[in-house]
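structure10.csv (CSV, C-alpha atoms)
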```
chain,number,residue,atom,x,y,z
F,189,MET,CA,25.2,-23.7,11.7
F,190,ASN,CA,28.2,-24.3,9.4
F,191,MET,CA,31.7,-22.8,9.8
F,192,THR,CA,31.1,-20.0,7.2
F,193,ARG,CA,28.0,-18.9,9.0
F,194,TRP,CA,29.8,-19.0,12.3
F,195,SER,CA,32.6,-16.9,11.0
F,196,ALA,CA,30.1,-14.5,9.5
F,197,LEU,CA,28.5,-14.2,12.9
F,198,VAL,CA,31.8,-13.6,14.7
F,199,VAL,CA,32.8,-11.0,12.1
F,200,GLY,CA,29.4,-9.4,12.4
F,201,LEU,CA,29.6,-9.3,16.2
F,202,LEU,CA,33.1,-7.7,16.0
F,203,VAL,CA,31.9,-5.1,13.5
F,204,ALA,CA,28.9,-4.4,15.8
F,205,GLY,CA,31.2,-4.0,18.8
F,206,VAL,CA,33.6,-1.7,16.9
F,207,THR,CA,30.8,0.4,15.4
F,208,SER,CA,29.0,0.7,18.7
F,209,ALA,CA,32.2,1.7,20.4
F,210,CYS,CA,32.5,4.4,17.9
F,211,GLY,CA,29.1,5.6,18.8
F,212,GLN,CA,27.8,5.3,15.2
F,213,LEU,CA,25.2,2.5,15.8
F,214,ARG,CA,24.6,2.6,19.5
F,215,LEU,CA,21.4,0.7,20.0
F,216,GLY,CA,18.7,2.7,21.8
F,217,ALA,CA,20.1,6.0,20.7
F,218,PRO,CA,17.5,7.7,18.5
F,219,GLU,CA,17.7,6.2,15.0
F,220,ARG,CA,18.3,8.3,12.0
F,221,PRO,CA,15.4,9.1,9.6
F,222,GLY,CA,14.3,6.0,7.7
F,223,GLN,CA,15.7,3.7,10.3
F,224,THR,CA,13.8,1.0,12.3
F,225,LEU,CA,14.8,-0.4,15.7
F,226,THR,CA,13.3,-3.9,16.4
F,227,VAL,CA,13.6,-5.7,19.7
F,228,LEU,CA,12.5,-9.2,20.6
F,229,LEU,CA,10.7,-9.3,24.0
F,230,PRO,CA,9.6,-12.0,26.5
F,231,GLU,CA,6.2,-13.7,26.1
F,232,ASP,CA,3.6,-12.9,28.8
F,233,ASP,CA,3.3,-16.6,29.7
F,234,GLY,CA,7.0,-16.7,30.5
F,235,ASP,CA,7.7,-19.0,27.6
F,236,ARG,CA,10.9,-18.7,25.7
F,237,PRO,CA,10.8,-15.8,23.3
F,238,GLY,CA,9.7,-16.6,19.8
F,239,ARG,CA,11.9,-15.6,16.9
F,240,ALA,CA,11.8,-12.8,14.3
F,241,THR,CA,13.7,-12.0,11.1
F,242,VAL,CA,14.4,-8.5,10.1
F,243,SER,CA,15.0,-8.3,6.4
F,244,ASN,CA,15.5,-5.8,3.6
F,245,PRO,CA,17.1,-6.2,0.2
F,246,LYS,CA,20.6,-5.9,1.7
F,247,GLY,CA,20.3,-8.7,4.2
F,248,THR,CA,18.6,-10.3,7.1
F,249,THR,CA,19.2,-10.3,10.9
F,250,ASN,CA,17.6,-13.0,13.1
F,251,LEU,CA,16.4,-12.1,16.5
F,252,GLU,CA,16.5,-15.3,18.7
F,253,SER,CA,17.3,-14.3,22.3
F,254,LEU,CA,15.5,-12.2,24.8
F,255,ASN,CA,16.1,-8.4,24.1
F,256,ASP,CA,17.9,-9.1,20.8
F,257,ALA,CA,17.7,-5.9,18.8
F,258,THR,CA,18.7,-4.7,15.4
F,259,VAL,CA,18.6,-1.4,13.5
F,260,ALA,CA,17.6,-1.5,9.9
F,261,SER,CA,18.2,1.2,7.3
F,262,THR,CA,16.8,1.4,3.8
F,263,ASN,CA,20.2,1.3,2.2
F,264,ARG,CA,22.1,-1.0,4.5
F,265,ARG,CA,21.7,-4.5,5.9
F,266,PRO,CA,20.1,-4.7,9.4
F,267,THR,CA,22.8,-4.5,12.1
F,268,PRO,CA,23.7,-7.8,13.8
F,269,ALA,CA,21.5,-8.7,16.8
F,270,LYS,CA,22.7,-7.1,20.0
F,271,HIS,CA,21.2,-7.2,23.5
F,272,LEU,CA,19.1,-4.1,24.5
F,273,SER,CA,19.0,-3.7,28.3
F,274,ASP,CA,15.7,-3.9,30.1
F,275,ALA,CA,16.2,-0.2,31.1
F,276,GLU,CA,16.5,0.8,27.5
F,277,VAL,CA,13.5,-1.2,26.5
F,278,HIS,CA,11.5,0.4,29.2
F,279,ARG,CA,12.7,3.9,28.3
F,280,ILE,CA,12.0,3.5,24.6
F,281,PHE,CA,8.9,1.3,24.6
F,282,GLY,CA,7.4,1.7,28.1
F,283,ASP,CA,4.5,3.8,26.8
F,284,ALA,CA,3.7,1.5,24.0
F,285,LEU,CA,4.0,-1.6,26.1
F,286,SER,CA,1.8,-0.1,28.8
F,287,ALA,CA,-1.0,0.3,26.2
F,288,LEU,CA,-1.0,-3.5,25.3
F,289,PRO,CA,-4.4,-5.0,26.3
F,290,PRO,CA,-4.1,-8.0,28.7
F,291,PRO,CA,-3.9,-11.4,26.9
F,292,ALA,CA,-7.0,-13.5,26.3
F,293,GLN,CA,-7.7,-15.9,29.1
F,294,ARG,CA,-9.4,-19.3,28.7
F,295,PHE,CA,-11.5,-21.4,31.1
F,296,THR,CA,-13.2,-24.7,30.8
F,297,LEU,CA,-16.3,-25.6,32.8
F,298,TYR,CA,-17.5,-29.2,33.1
F,299,PHE,CA,-21.1,-30.5,33.3
F,300,ARG,CA,-23.1,-33.4,34.8
F,301,PHE,CA,-24.2,-36.1,32.4
F,302,GLU,CA,-26.9,-35.0,30.0
F,303,SER,CA,-27.4,-31.9,32.0
F,304,ASP,CA,-26.7,-28.2,31.9
F,305,GLU,CA,-25.8,-28.4,35.6
F,306,LEU,CA,-22.1,-27.6,36.4
F,307,THR,CA,-20.0,-30.1,38.3
F,308,ASP,CA,-19.1,-28.9,41.8
F,309,ASP,CA,-15.4,-28.3,40.8
F,310,SER,CA,-16.5,-26.1,37.9
F,311,ARG,CA,-18.9,-24.2,40.0
F,312,SER,CA,-16.0,-23.1,42.1
F,313,THR,CA,-14.1,-21.8,39.0
F,314,VAL,CA,-16.8,-19.2,38.3
F,315,PRO,CA,-15.3,-16.6,40.6
F,316,ASP,CA,-12.0,-16.9,38.7
F,317,ILE,CA,-13.8,-16.2,35.5
F,318,LEU,CA,-15.5,-13.1,37.0
F,319,GLN,CA,-12.1,-11.9,38.2
F,320,ALA,CA,-10.7,-12.3,34.7
F,321,ILE,CA,-13.5,-10.3,33.3
F,322,LYS,CA,-12.8,-7.5,35.7
F,323,ASN,CA,-9.2,-7.5,34.5
F,324,HIS,CA,-10.1,-6.9,30.9
F,325,PRO,CA,-11.1,-3.4,29.7
F,326,VAL,CA,-14.2,-3.8,27.4
F,327,PRO,CA,-14.4,-7.5,28.1
F,328,GLU,CA,-15.7,-9.8,25.3
F,329,LEU,CA,-16.6,-13.4,26.0
F,330,LEU,CA,-16.9,-16.3,23.6
F,331,VAL,CA,-18.7,-19.2,25.2
F,332,VAL,CA,-18.7,-22.5,23.3
F,333,GLY,CA,-20.8,-25.4,24.4
F,334,HIS,CA,-19.7,-29.1,23.9
F,335,THR,CA,-21.1,-32.5,24.7
F,336,ASP,CA,-19.8,-36.1,24.7
F,337,THR,CA,-21.0,-38.5,22.0
F,338,THR,CA,-23.8,-40.1,24.0
F,339,GLY,CA,-27.1,-39.5,22.1
F,340,THR,CA,-27.8,-38.1,18.7
F,341,SER,CA,-25.8,-35.3,17.2
F,342,ALA,CA,-28.9,-33.1,16.9
F,343,ALA,CA,-29.7,-33.6,20.6
F,344,ASN,CA,-26.1,-32.9,21.4
F,345,PHE,CA,-26.1,-29.7,19.4
F,346,ASP,CA,-29.1,-28.5,21.5
F,347,LEU,CA,-27.5,-29.6,24.8
F,348,GLY,CA,-24.2,-27.8,23.9
F,349,ARG,CA,-26.3,-24.7,23.3
F,350,LYS,CA,-28.2,-25.1,26.6
F,351,ARG,CA,-24.9,-25.4,28.4
F,352,ALA,CA,-23.5,-22.3,26.8
F,353,GLU,CA,-26.8,-20.4,27.6
F,354,MET,CA,-26.6,-21.6,31.2
F,355,VAL,CA,-23.1,-20.1,31.4
F,356,ARG,CA,-24.3,-16.9,29.8
F,357,GLY,CA,-27.0,-16.7,32.4
F,358,VAL,CA,-24.5,-17.1,35.2
F,359,LEU,CA,-22.3,-14.3,33.7
F,360,ILE,CA,-25.3,-11.9,33.2
F,361,ASP,CA,-26.4,-12.6,36.8
F,362,ALA,CA,-22.9,-11.5,37.8
F,363,GLY,CA,-23.5,-8.2,36.1
F,364,LEU,CA,-21.9,-8.7,32.6
F,365,GLU,CA,-23.7,-7.1,29.6
F,366,GLY,CA,-25.4,-9.7,27.5
F,367,SER,CA,-24.1,-8.0,24.3
F,368,ALA,CA,-20.5,-8.7,25.4
F,369,ILE,CA,-21.2,-12.5,25.3
F,370,ARG,CA,-21.3,-14.6,22.2
F,371,ILE,CA,-22.5,-18.2,22.5
F,372,ILE,CA,-22.1,-21.1,20.1
F,373,SER,CA,-22.6,-24.8,20.3
F,374,HIS,CA,-20.2,-27.3,18.7
F,375,GLY,CA,-22.4,-30.2,20.0
F,376,GLU,CA,-20.3,-33.4,19.8
F,377,THR,CA,-18.2,-32.2,16.8
F,378,ASP,CA,-15.2,-30.8,18.8
F,379,LEU,CA,-14.3,-33.4,21.4
F,380,LEU,CA,-11.6,-32.6,23.9
F,381,VAL,CA,-10.9,-36.4,24.2
F,382,SER,CA,-11.7,-38.2,21.0
F,383,THR,CA,-14.0,-41.2,21.5
F,384,ALA,CA,-16.2,-43.4,19.4
F,385,ASP,CA,-19.9,-42.5,19.0
F,386,ASP,CA,-22.1,-43.1,22.0
F,387,THR,CA,-19.3,-42.9,24.5
F,388,PHE,CA,-19.8,-41.6,28.0
F,389,GLU,CA,-16.9,-39.1,28.6
F,390,PRO,CA,-17.1,-36.5,31.3
F,391,ARG,CA,-14.2,-34.4,29.9
F,392,ASN,CA,-16.1,-33.8,26.7
F,393,ARG,CA,-19.1,-32.4,28.6
F,394,ARG,CA,-17.8,-28.9,28.8
F,395,VAL,CA,-18.1,-25.2,27.9
F,396,ASP,CA,-15.0,-23.4,26.8
F,397,ILE,CA,-14.9,-19.7,27.7
F,398,SER,CA,-12.5,-17.2,26.2
F,399,VAL,CA,-12.3,-13.8,28.0
F,400,ARG,CA,-10.6,-11.0,26.0
R,71,MET,CA,-14.0,14.3,-7.2
R,72,ASN,CA,-13.3,17.8,-8.3
R,73,ASN,CA,-14.3,17.0,-11.8
R,74,PHE,CA,-17.7,15.8,-10.7
R,75,ARG,CA,-18.2,18.9,-8.6
R,76,SER,CA,-17.5,21.2,-11.5
R,77,SER,CA,-19.7,19.4,-14.0
R,78,CYS,CA,-22.5,19.5,-11.4
R,79,GLY,CA,-22.3,23.2,-11.3
R,80,SER,CA,-22.4,23.5,-15.1
R,81,ARG,CA,-25.5,24.1,-17.2
R,82,ASP,CA,-25.6,20.5,-18.2
R,83,GLY,CA,-27.3,19.5,-14.9
R,84,LEU,CA,-28.6,16.2,-16.2
R,85,ARG,CA,-25.1,15.1,-17.2
R,86,GLY,CA,-23.8,16.3,-13.9
R,87,GLY,CA,-26.5,14.4,-12.0
R,88,LEU,CA,-25.7,11.3,-13.9
R,89,LEU,CA,-22.1,11.7,-13.0
R,90,TRP,CA,-23.0,12.0,-9.4
R,91,ILE,CA,-25.1,8.9,-9.6
R,92,ALA,CA,-22.2,7.1,-11.3
R,93,ALA,CA,-20.0,8.3,-8.5
R,94,ALA,CA,-22.5,7.1,-5.9
R,95,VAL,CA,-22.7,3.7,-7.6
R,96,LEU,CA,-19.0,3.5,-7.6
R,97,LEU,CA,-18.9,4.4,-3.9
R,98,LEU,CA,-21.6,2.0,-3.1
R,99,THR,CA,-19.9,-0.8,-4.9
R,100,ALA,CA,-16.7,0.0,-3.2
R,101,MET,CA,-18.4,0.4,0.2
R,102,PRO,CA,-19.5,-3.2,0.8
R,103,ALA,CA,-15.9,-4.2,0.8
R,104,LEU,CA,-15.7,-1.9,3.8
R,105,ALA,CA,-19.2,-2.4,5.3
R,106,GLN,CA,-19.4,-6.2,4.9
R,107,GLN,CA,-15.9,-7.1,5.8
R,108,PRO,CA,-15.8,-8.8,9.2
R,109,ALA,CA,-14.5,-7.0,12.2
R,110,ALA,CA,-10.8,-7.5,12.8
R,111,GLY,CA,-10.8,-6.6,16.5
R,112,ARG,CA,-11.5,-3.9,19.0
R,113,VAL,CA,-9.9,-0.9,20.6
R,114,LYS,CA,-9.3,-1.9,24.3
R,115,VAL,CA,-7.0,0.9,25.5
R,116,ALA,CA,-7.0,4.6,24.4
R,117,SER,CA,-5.8,7.7,26.1
R,118,GLY,CA,-4.7,11.2,25.0
R,119,ALA,CA,-4.8,12.2,21.4
R,120,ALA,CA,-5.7,8.8,19.7
R,121,PHE,CA,-7.3,8.4,16.3
R,122,ILE,CA,-8.5,5.8,13.9
R,123,VAL,CA,-7.8,6.5,10.3
R,124,ARG,CA,-10.4,5.1,8.0
R,125,GLY,CA,-11.0,6.1,4.3
R,126,GLY,CA,-8.6,9.0,4.7
R,127,ASN,CA,-10.4,10.5,7.8
R,128,ALA,CA,-8.9,10.5,11.2
R,129,VAL,CA,-11.6,10.2,13.9
R,130,PRO,CA,-10.9,10.2,17.7
R,131,VAL,CA,-10.8,6.6,18.9
R,132,ARG,CA,-13.4,5.4,21.4
R,133,ILE,CA,-12.6,2.5,23.7
R,134,GLY,CA,-14.6,-0.6,22.5
R,135,GLU,CA,-14.7,0.6,18.9
R,136,THR,CA,-14.4,-2.0,16.1
R,137,VAL,CA,-11.2,-2.1,14.0
R,138,TYR,CA,-11.3,-3.4,10.4
R,139,GLN,CA,-8.7,-4.4,7.9
R,140,SER,CA,-7.0,-1.4,6.3
R,141,ASP,CA,-7.7,0.9,9.3
R,142,GLY,CA,-4.9,3.1,10.5
R,143,LEU,CA,-4.2,4.0,14.1
R,144,ARG,CA,-2.5,7.3,14.9
R,145,THR,CA,-1.5,9.0,18.2
R,146,GLY,CA,-0.5,12.5,19.1
R,147,ALA,CA,2.2,13.6,21.6
R,148,ASP,CA,0.2,12.3,24.6
R,149,GLY,CA,-1.6,9.5,22.9
R,150,ARG,CA,-1.6,5.7,23.4
R,151,ILE,CA,-3.8,3.0,21.8
R,152,GLY,CA,-4.1,-0.7,22.4
R,153,ILE,CA,-6.1,-3.1,20.3
R,154,MET,CA,-7.0,-6.8,20.5
R,155,LEU,CA,-7.7,-8.6,17.3
R,156,ASN,CA,-9.9,-11.6,16.7
R,157,ASP,CA,-7.1,-14.1,16.6
R,158,ASP,CA,-5.8,-12.7,20.0
R,159,THR,CA,-3.0,-10.7,18.3
R,160,ARG,CA,-2.4,-7.5,20.2
R,161,VAL,CA,-1.0,-4.3,19.0
R,162,SER,CA,-0.3,-1.1,20.8
R,163,LEU,CA,1.1,2.4,20.0
R,164,GLY,CA,3.0,4.8,22.1
R,165,PRO,CA,2.9,8.6,21.5
R,166,SER,CA,3.4,10.3,18.1
R,167,SER,CA,3.0,7.0,16.3
R,168,GLU,CA,1.2,5.6,13.3
R,169,VAL,CA,0.4,2.1,12.0
R,170,SER,CA,-1.8,0.6,9.4
R,171,LEU,CA,-3.5,-2.8,9.5
R,172,ASP,CA,-2.9,-3.5,5.9
R,173,ARG,CA,-4.1,-7.1,6.0
R,174,PHE,CA,-6.1,-9.1,8.5
R,175,ALA,CA,-7.6,-12.4,7.5
R,176,TYR,CA,-8.6,-14.9,10.2
R,177,ALA,CA,-10.9,-17.6,8.7
R,178,PRO,CA,-9.0,-20.8,9.4
R,179,ALA,CA,-11.9,-22.9,8.0
R,180,ASP,CA,-11.6,-21.2,4.6
R,181,GLY,CA,-7.8,-21.3,4.7
R,182,GLN,CA,-7.8,-17.4,4.9
R,183,LEU,CA,-5.0,-16.3,7.2
R,184,GLY,CA,-2.8,-13.3,7.0
R,185,PHE,CA,-1.6,-10.4,9.0
R,186,VAL,CA,0.3,-7.3,7.8
R,187,LEU,CA,0.9,-4.4,10.0
R,188,ARG,CA,2.7,-1.4,8.6
R,189,VAL,CA,4.5,0.7,11.1
R,190,VAL,CA,4.8,4.2,9.6
R,191,ARG,CA,6.4,6.0,12.5
R,192,GLY,CA,6.8,6.1,16.2
R,193,VAL,CA,6.8,3.2,18.7
R,194,ALA,CA,4.6,0.1,18.5
R,195,ALA,CA,4.4,-3.2,20.3
R,196,TYR,CA,3.1,-6.5,18.8
R,197,VAL,CA,2.2,-9.8,20.4
R,198,SER,CA,1.4,-12.5,18.0
R,199,GLY,CA,-1.9,-14.4,18.0
R,200,ARG,CA,-3.2,-17.5,16.4
R,201,ILE,CA,-2.6,-16.4,12.8
R,202,ALA,CA,1.1,-16.5,13.6
R,203,LYS,CA,0.7,-20.0,15.0
R,204,LEU,CA,-1.4,-21.4,12.1
R,205,SER,CA,0.4,-19.6,9.2
R,206,PRO,CA,3.6,-17.9,10.4
R,207,ASP,CA,4.7,-17.1,6.8
R,208,SER,CA,1.7,-14.9,6.3
R,209,VAL,CA,2.6,-12.6,9.2
R,210,HIS,CA,4.7,-9.5,8.5
R,211,LEU,CA,5.4,-6.2,10.2
R,212,GLU,CA,6.5,-3.7,7.6
R,213,THR,CA,8.6,-0.6,8.2
R,214,PRO,CA,10.2,1.8,5.7
R,215,ALA,CA,13.6,0.1,6.3
R,216,ALA,CA,12.7,-3.6,6.7
R,217,ILE,CA,10.2,-6.4,6.8
R,218,VAL,CA,9.9,-8.3,10.0
R,219,GLY,CA,8.9,-11.9,9.9
R,220,VAL,CA,7.5,-13.5,13.0
R,221,ARG,CA,7.6,-16.9,14.7
R,222,GLY,CA,5.2,-16.6,17.5
R,223,THR,CA,6.6,-13.7,19.5
R,224,THR,CA,6.4,-10.3,21.2
R,225,LEU,CA,8.2,-7.5,19.5
R,226,ALA,CA,8.6,-3.8,19.8
R,227,LEU,CA,9.5,-1.4,17.0
R,228,ARG,CA,10.6,2.2,16.7
R,229,VAL,CA,10.4,3.7,13.3
R,230,VAL,CA,11.9,7.1,12.5
R,231,PRO,CA,10.2,8.2,9.2
R,232,GLU,CA,12.4,9.5,6.4
```
Translate the structure of the given file into structure tokens.
Amino acid sequence: MNMTRWSALVVGLLVAGVTSACGQLRLGAPERPGQTLTVLLPEDDGDRPGRATVSNPKGTTNLESLNDATVASTNRRPTPAKHLSDAEVHRIFGDALSALPPPAQRFTLYFRFESDELTDDSRSTVPDILQAIKNHPVPELLVVGHTDTTGTSAANFDLGRKRAEMVRGVLIDAGLEGSAIRIISHGETDLLVSTADDTFEPRNRRVDISVR
Amino acid sequence: MNNFRSSCGSRDGLRGGLLWIAAAVLLLTAMPALAQQPAAGRVKVASGAAFIVRGGNAVPVRIGETVYQSDGLRTGADGRIGIMLNDDTRVSLGPSSEVSLDRFAYAPADGQLGFVLRVVRGVAAYVSGRIAKLSPDSVHLETPAAIVGVRGTTLALRVVPE
């Protein structure tokens, strides 16, 4: 950031401070007709927040830190970013945030060589998957079968499919509706660990499951 | 449509009939765009007065219902809706709110990626999905006062309509 932009930022912050002290642009107070309040919130996975830009023909405000908020009006540039307290976020957005569906969850199960039989480790992961399914309202599952590059690609496509079907069977046995499960095979075309053809690689013999 | 209706009631029944057929053909040619377009996602959460707005009609939302591009979502004073889209984008609405999924394209193999959500009024939350990772510049949240560009993030918006 160069000096001009720094000074613009400082001036911006001062203006924001003054105007908010005057009560004209207090964040979180109901906006006036035509105005939009935008706030940047934490990611569910605890990662750093992303970034957002709020723009209109009069200017742009960048939201870069947690709880950064800005008010945009049709005829004025968006206000400089300002921190909105967690309490205010909860008060204004609590209802909307409580209606967010849980994030998609991903699992990988591994298989024995040239087989649709799960490794022992992966067998013990199955209860976690069933729990994830319980946590999702209207669960949908995408089950993608993969193989290593041992054998022909046609045979591997079939094996990938067999693995995906086997996982579907386990899930249906656990009480899930078959219509909620979509299975596909990527055979040896989507390797987790890239290898040459005809390479024995346990980490590629897998089924990826996405629960959402 | 009123023109069609009045000509149908006129003595020139054949002409009216033809107009109806023409209208039906028009509708049918327009429909596949609606009927054949891939699902964008599903309603996962709904409570209180919660509606899906499709082709100008607001119908009460059912949990599990499919959502398509250009659908609107609307809530009453006690309503909430949460949807999960195919790229794992999530959108939710609080009470007395309205949004419209103006664009949803998630076909990475064909290079078709885009997400435009118009927030008309009320409060909405947005959690970016894979479209925002693969093609951040094609993701926008539009409000009457501003356009919000997104770099992989969770946002909440409150829009007071004019």
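CA of Glu353 in chain F to CA of Phe301 in chain F spans 16.6 Å [interatomic distance, one decimal].
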Go through chain R residue by residue and, counting all atoms listed in the file, keep those with an atom at most 6 Å from chain F; for each kept residue give the shortest atom pair and its distance in Å to one decimal, ordered by chain and increasing number, as a Markdown table.
```
| residue | atom | partner | partner_atom | distance |
| --- | --- | --- | --- | --- |
| R:Lys114 | CA | F:Pro325 | CA | 5.9 |
| R:Gly134 | CA | F:Val326 | CA | 5.9 |
| R:Ile151 | CA | F:Ala287 | CA | 5.9 |
| R:Gly152 | CA | F:Ala287 | CA | 5.0 |
| R:Ser162 | CA | F:Leu288 | CA | 5.1 |
| R:Leu163 | CA | F:Ala284 | CA | 4.9 |
| R:Gly164 | CA | F:Ala284 | CA | 3.9 |
| R:Ala194 | CA | F:Ala284 | CA | 5.7 |
| R:Ala215 | CA | F:Thr262 | CA | 4.3 |
| R:Ala216 | CA | F:Asn244 | CA | 4.7 |
| R:Ile217 | CA | F:Ser243 | CA | 5.2 |
| R:Val218 | CA | F:Val242 | CA | 4.5 |
| R:Gly219 | CA | F:Thr241 | CA | 4.9 |
| R:Val220 | CA | F:Ala240 | CA | 4.5 |
| R:Arg221 | CA | F:Arg239 | CA | 5.0 |
| R:Gly222 | CA | F:Gly238 | CA | 5.1 |
| R:Thr223 | CA | F:Gly238 | CA | 4.3 |
| R:Thr224 | CA | F:Leu229 | CA | 5.2 |
| R:Leu225 | CA | F:Leu228 | CA | 4.8 |
| R:Ala226 | CA | F:Val227 | CA | 5.3 |
| R:Leu227 | CA | F:Thr226 | CA | 4.6 |
| R:Arg228 | CA | F:Leu225 | CA | 5.0 |
| R:Val229 | CA | F:Thr224 | CA | 4.5 |
| R:Val230 | CA | F:Pro221 | CA | 5.0 |
| R:Pro231 | CA | F:Gly222 | CA | 4.9 |
| R:Glu232 | CA | F:Gly222 | CA | 4.2 |
```
Shell around Leu380 in chain F at 12 Å using all atoms listed in the file, local window under 3 positions removed, as a ChimeraX atom specification = /F:296,298,333-337,374-377,383,389-396
Would you pick out the contacts of range 117-133 of chain R at 10 Å or less, using only C-alpha atoms, so that residues sharing its chain but fewer than 5 positions from it are not included, and give the list as a CSV table (one decimal) with C-alpha atoms, in the coordinates of the input?
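In the end it all went to around-v8.csv:
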```
chain,number,residue,atom,x,y,z
F,287,ALA,CA,-1.0,0.3,26.2
F,325,PRO,CA,-11.1,-3.4,29.7
F,326,VAL,CA,-14.2,-3.8,27.4
R,104,LEU,CA,-15.7,-1.9,3.8
R,112,ARG,CA,-11.5,-3.9,19.0
R,138,TYR,CA,-11.3,-3.4,10.4
R,139,GLN,CA,-8.7,-4.4,7.9
R,140,SER,CA,-7.0,-1.4,6.3
R,141,ASP,CA,-7.7,0.9,9.3
R,142,GLY,CA,-4.9,3.1,10.5
R,143,LEU,CA,-4.2,4.0,14.1
R,144,ARG,CA,-2.5,7.3,14.9
R,145,THR,CA,-1.5,9.0,18.2
R,146,GLY,CA,-0.5,12.5,19.1
R,147,ALA,CA,2.2,13.6,21.6
R,148,ASP,CA,0.2,12.3,24.6
R,149,GLY,CA,-1.6,9.5,22.9
R,150,ARG,CA,-1.6,5.7,23.4
R,151,ILE,CA,-3.8,3.0,21.8
R,152,GLY,CA,-4.1,-0.7,22.4
R,153,ILE,CA,-6.1,-3.1,20.3
R,163,LEU,CA,1.1,2.4,20.0
R,164,GLY,CA,3.0,4.8,22.1
R,165,PRO,CA,2.9,8.6,21.5
R,166,SER,CA,3.4,10.3,18.1
R,167,SER,CA,3.0,7.0,16.3
R,168,GLU,CA,1.2,5.6,13.3
R,169,VAL,CA,0.4,2.1,12.0
R,170,SER,CA,-1.8,0.6,9.4
```
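Picture a line from CA of Val137 in chain R to CA of Val186 in chain R; it runs 14.1 Å.
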Contacts of Leu330 in chain F at 9 Å (all atoms listed in the file; same-chain gap of 5+ positions) as a PyMOL selection string | chain F and resi 368-372+396-400
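The spacing separating CA of Ala320 in chain F from CA of Tyr196 in chain R amounts to 21.8 Å.
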Taking into account all atoms listed in the file, which residue in the set F:Val381, F:Leu318, F:Leu329, F:Ala343 is nearest to Ala362 in chain F?
-> F:Leu318
